[in-house]
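Heads up, work25.pdb below (PDB, C-alpha atoms):
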```pdb
MODEL        1
ATOM      1  CA  MET A  30      37.300 -25.913 -31.198
ATOM      2  CA  LEU A  31      35.587 -22.801 -32.557
ATOM      3  CA  LEU A  32      34.129 -22.001 -29.110
ATOM      4  CA  ALA A  33      37.531 -22.401 -27.467
ATOM      5  CA  GLU A  34      39.054 -19.957 -29.956
ATOM      6  CA  LEU A  35      36.176 -17.517 -29.442
ATOM      7  CA  GLY A  36      36.697 -17.744 -25.667
ATOM      8  CA  ARG A  37      40.398 -16.980 -26.080
ATOM      9  CA  VAL A  38      39.684 -13.938 -28.283
ATOM     10  CA  ILE A  39      37.090 -12.584 -25.852
ATOM     11  CA  ALA A  40      39.421 -13.109 -22.888
ATOM     12  CA  MET A  41      42.116 -11.103 -24.701
ATOM     13  CA  ALA A  42      39.774  -8.304 -25.846
ATOM     14  CA  ASP A  43      37.780  -7.891 -22.605
ATOM     15  CA  PRO A  44      39.336  -9.863 -19.748
ATOM     16  CA  PRO A  45      37.451 -10.104 -16.465
ATOM     17  CA  PRO A  46      38.683  -7.710 -13.792
ATOM     18  CA  ALA A  47      41.402  -8.955 -11.468
ATOM     19  CA  GLY A  48      39.946 -10.698  -8.431
ATOM     20  CA  LEU A  49      36.468 -11.145  -9.910
ATOM     21  CA  VAL A  50      36.289 -14.851  -9.060
ATOM     22  CA  GLU A  51      37.317 -14.174  -5.453
ATOM     23  CA  ARG A  52      34.737 -11.368  -5.119
ATOM     24  CA  VAL A  53      31.963 -13.594  -6.461
ATOM     25  CA  GLN A  54      32.940 -16.387  -4.062
ATOM     26  CA  PHE A  55      33.001 -13.872  -1.190
ATOM     27  CA  ALA A  56      29.513 -12.630  -2.060
ATOM     28  CA  LEU A  57      28.152 -16.163  -2.388
ATOM     29  CA  GLU A  58      29.221 -17.085   1.157
ATOM     30  CA  LEU A  59      25.920 -15.532   2.288
ATOM     31  CA  GLU A  60      23.828 -17.556  -0.156
ATOM     32  CA  ASN A  61      22.414 -19.878   2.522
ATOM     33  CA  LEU A  62      21.103 -16.974   4.591
ATOM     34  CA  ASP A  63      17.689 -15.429   4.135
ATOM     35  CA  VAL A  64      18.862 -11.908   3.269
ATOM     36  CA  GLU A  65      17.621  -8.859   1.438
ATOM     37  CA  VAL A  66      20.204  -7.297  -0.850
ATOM     38  CA  ALA A  67      20.435  -3.516  -0.748
ATOM     39  CA  ARG A  68      21.326  -1.580  -3.860
ATOM     40  CA  TRP A  69      24.035   1.033  -4.234
ATOM     41  CA  VAL A  70      22.413   4.408  -4.907
ATOM     42  CA  ARG A  71      25.592   6.394  -5.615
ATOM     43  CA  ASP A  72      25.351   7.943  -9.082
ATOM     44  CA  ASP A  73      28.922   8.480 -10.222
ATOM     45  CA  GLU A  74      31.903   6.735 -11.727
ATOM     46  CA  LEU A  75      32.266   4.316  -8.804
ATOM     47  CA  ALA A  76      29.408   2.005  -9.746
ATOM     48  CA  GLY A  77      29.689  -1.770  -9.791
ATOM     49  CA  VAL A  78      32.062  -4.426  -8.507
ATOM     50  CA  ARG A  79      34.980  -3.102 -10.580
ATOM     51  CA  SER A  80      35.197   0.071  -8.511
ATOM     52  CA  SER A  81      37.588   0.957  -5.737
ATOM     53  CA  VAL A  82      36.817   3.480  -3.021
ATOM     54  CA  ASP A  83      39.391   5.415  -0.972
ATOM     55  CA  GLN A  84      37.083   7.841   0.823
ATOM     56  CA  GLY A  85      33.720   9.459   0.511
ATOM     57  CA  THR A  86      30.105   8.640   1.202
ATOM     58  CA  ILE A  87      28.172   5.662  -0.123
ATOM     59  CA  THR A  88      24.456   5.059   0.362
ATOM     60  CA  PHE A  89      22.700   1.701   0.078
ATOM     61  CA  THR A  90      18.954   1.219   0.213
ATOM     62  CA  VAL A  91      16.417  -1.598   0.324
ATOM     63  CA  SER A  92      12.653  -1.176   0.822
ATOM     64  CA  ASP A  93      12.399   0.685   4.151
ATOM     65  CA  LEU A  94      16.078   0.710   5.235
ATOM     66  CA  THR A  95      18.861   3.095   4.208
ATOM     67  CA  VAL A  96      22.510   2.481   5.084
ATOM     68  CA  MET A  97      24.845   5.445   4.637
ATOM     69  CA  ILE A  98      28.568   5.083   5.269
ATOM     70  CA  ASN A  99      31.360   7.609   5.225
ATOM     71  CA  LEU A 100      34.812   6.178   4.533
ATOM     72  CA  THR A 101      38.018   7.752   5.753
ATOM     73  CA  ARG A 102      41.277   6.136   4.701
ATOM     74  CA  THR A 103      43.610   5.655   7.664
ATOM     75  CA  GLY A 104      46.894   4.273   6.383
ATOM     76  CA  ARG A 105      46.289   0.746   5.149
ATOM     77  CA  SER A 106      42.723   0.591   6.424
ATOM     78  CA  HIS A 107      39.518   2.625   6.652
ATOM     79  CA  ARG A 108      37.390   4.108   9.372
ATOM     80  CA  ILE A 109      33.700   3.590   8.656
ATOM     81  CA  ASP A 110      31.188   6.016  10.143
ATOM     82  CA  GLY A 111      27.692   4.821   9.383
ATOM     83  CA  TRP A 112      24.059   5.731   9.862
ATOM     84  CA  LEU A 113      20.952   3.584   9.541
ATOM     85  CA  VAL A 114      17.488   4.944   8.739
ATOM     86  CA  PRO A 115      15.174   4.204  10.379
ATOM     87  CA  ALA A 116      17.380   4.585  13.419
ATOM     88  CA  GLY A 117      17.668   1.828  15.966
ATOM     89  CA  MET A 118      20.025  -0.515  17.753
ATOM     90  CA  HIS A 119      20.605  -2.767  14.750
ATOM     91  CA  GLY A 120      23.506  -5.210  14.531
ATOM     92  CA  VAL A 121      26.200  -4.236  12.026
ATOM     93  CA  GLU A 122      28.795  -6.608  10.604
ATOM     94  CA  VAL A 123      31.429  -5.512   8.112
ATOM     95  CA  ARG A 124      32.865  -8.483   6.201
ATOM     96  CA  VAL A 125      36.173  -8.076   4.374
ATOM     97  CA  ALA A 126      37.367 -10.908   2.137
ATOM     98  CA  GLU A 127      40.408 -12.693   3.584
ATOM     99  CA  HIS A 128      40.226 -10.556   6.759
ATOM    100  CA  GLY A 129      37.116 -11.820   8.545
ATOM    101  CA  ALA A 130      34.463  -9.580  10.043
ATOM    102  CA  SER A 131      34.090  -6.718  12.497
ATOM    103  CA  ARG A 132      30.878  -6.342  14.465
ATOM    104  CA  THR A 133      29.188  -3.558  16.354
ATOM    105  CA  THR A 134      25.711  -2.327  17.244
ATOM    106  CA  ALA A 135      24.280   0.953  16.019
ATOM    107  CA  ASP A 136      23.184   3.294  18.790
ATOM    108  CA  GLU A 137      19.571   4.416  19.276
ATOM    109  CA  GLY A 138      20.152   7.126  16.663
ATOM    110  CA  GLY A 139      21.298   4.531  14.112
ATOM    111  CA  ARG A 140      24.947   5.622  14.197
ATOM    112  CA  PHE A 141      27.864   3.167  14.202
ATOM    113  CA  VAL A 142      31.641   3.423  13.876
ATOM    114  CA  LEU A 143      34.206   0.792  12.951
ATOM    115  CA  GLU A 144      37.893   1.662  13.188
ATOM    116  CA  GLU A 145      40.716   0.001  11.263
ATOM    117  CA  VAL A 146      38.618  -1.858   8.690
ATOM    118  CA  PRO A 147      41.066  -3.579   6.304
ATOM    119  CA  ARG A 148      41.024  -2.675   2.630
ATOM    120  CA  GLY A 149      39.516  -5.228   0.279
ATOM    121  CA  THR A 150      36.249  -6.639  -0.988
ATOM    122  CA  THR A 151      33.693  -5.590   1.597
ATOM    123  CA  GLN A 152      30.039  -6.181   2.448
ATOM    124  CA  ILE A 153      27.961  -4.744   5.261
ATOM    125  CA  VAL A 154      25.406  -7.020   6.914
ATOM    126  CA  ILE A 155      22.653  -5.377   8.969
ATOM    127  CA  SER A 156      20.663  -7.406  11.491
ATOM    128  CA  VAL A 157      17.544  -5.274  11.692
ATOM    129  CA  GLY A 158      16.442  -5.211  15.315
ATOM    130  CA  GLY A 159      19.771  -6.517  16.663
ATOM    131  CA  ALA A 160      20.822 -10.039  17.637
ATOM    132  CA  GLY A 161      18.272 -12.766  16.996
ATOM    133  CA  CYS A 162      16.488 -10.677  14.386
ATOM    134  CA  ASP A 163      14.186 -12.005  11.706
ATOM    135  CA  ARG A 164      15.516  -9.713   8.983
ATOM    136  CA  THR A 165      19.007  -9.457   7.526
ATOM    137  CA  VAL A 166      20.038  -6.918   4.895
ATOM    138  CA  VAL A 167      23.340  -7.153   3.011
ATOM    139  CA  THR A 168      24.973  -4.573   0.767
ATOM    140  CA  PRO A 169      26.551  -5.443  -2.557
ATOM    141  CA  ALA A 170      30.263  -6.263  -2.369
ATOM    142  CA  VAL A 171      32.462  -3.230  -3.001
ATOM    143  CA  VAL A 172      36.224  -2.883  -3.016
ATOM    144  CA  LEU A 173      37.373  -0.487  -0.306
TER     145      LEU A 173
ENDMDL
END
```

Target format structure tokens, applied to this file:
Amino acid sequence: MLLAELGRVIAMADPPPAGLVERVQFALELENLDVEVARWVRDDELAGVRSSVDQGTITFTVSDLTVMINLTRTGRSHRIDGWLVPAGMHGVEVRVAEHGASRTTADEGGRFVLEEVPRGTTQIVISVGGAGCDRTVVTPAVVL
């Protein structure tokens, strides 16, 4: 009974952000894959899963791969211009919760573009080396 009351008080004082459960479930959909998780290297107020991004540049990094994306809001969606370093024809998948995924391949210079990406909880999945690769890198889920 004491723990239930404590839980109620905590939920009132510091409730979880709206949609947290859905975002966690979305992120866990990749749990059965052998993936490396990149980290968000943007040092400003937009850190963490509670953030929301309208436009700007975000950089993710993991060991020897950097993923930089520039977001441009286009009505109810975003255009994503991205660059991968090291450059190469890597597979790129942008997953948006409740909207499915969009796929493309970066060009030889590591550049990719995705038009009309819906707003919502989003992850980018990079297949290093393209289709049939041995290495998959995923970014943290962010709300676009």

List every residue of segment 98-153 of chain A that has an atom at most 12 Å from any atom of segment 41-48 of chain A, and for each one report the closest atom pair and its distance in Å to one decimal, counting all atoms listed in the file, with rows sorted by chain and then by increasing residue number, as a tab-separated table.
```
residue	atom	partner	partner_atom	distance
A:Ala126	CA	A:Gly48	CA	10.9
A:Gly149	CA	A:Gly48	CA	10.3
A:Thr150	CA	A:Gly48	CA	9.2
```

Quiz item: Quick one: distance from atom CA of Glu145 of chain A to atom CA of Val125 of chain A in Å, one decimal?
Solution: 11.5 Å

Give the padded box for segment 42-48 of chain A as lines of an AutoDock Vina configuration file: axis-aligned, covering all atoms listed in the file, 3 Å on each side, centre and edge lengths in Å to one decimal.
```
center_x = 39.4
center_y = -9.2
center_z = -17.1
size_x = 10.0
size_y = 9.0
size_z = 23.4
```

Quiz prompt | Atomic separation - atom CA of Gly129 of chain A relative to atom CA of Met97 of chain A, Å | solution = 21.5 Å

Self-check item: the PyMOL selection byres ((chain A and resi 116) around 9) resolved against shown file, as a PyMOL selection string
Solution: chain A and resi 112-115+117-119+135-140

Self-check item: Between atom CA of Ala170 of chain A and atom CA of Leu94 of chain A - distance in Å to one decimal
Solution: 17.5 Å

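Against this structure, the PyMOL selection byres ((chain A and resi 133) around 8) ends up with Gly120, Val121, Glu122, Ser131, Arg132, Thr134, Ala135, Phe141, Val142 and Leu143 of chain A.
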
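You can rank A:Leu100, A:Thr168, A:Glu127, A:Ser106 by their closest distance to Glu51 of chain A using only C-alpha atoms, and at the top of that list sits A:Glu127.
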
Quiz item: Quick one: of A:Arg105, A:Gly111, A:Leu49, A:Val167, who's nearest to Ile87 of chain A, counting only C-alpha atoms?
Solution: A:Gly111

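Closest approach to Thr90 of chain A from the set A:Leu35, A:Arg148, A:Ile155, A:Val172 is made by A:Ile155, with distances taken over all atoms listed in the file.
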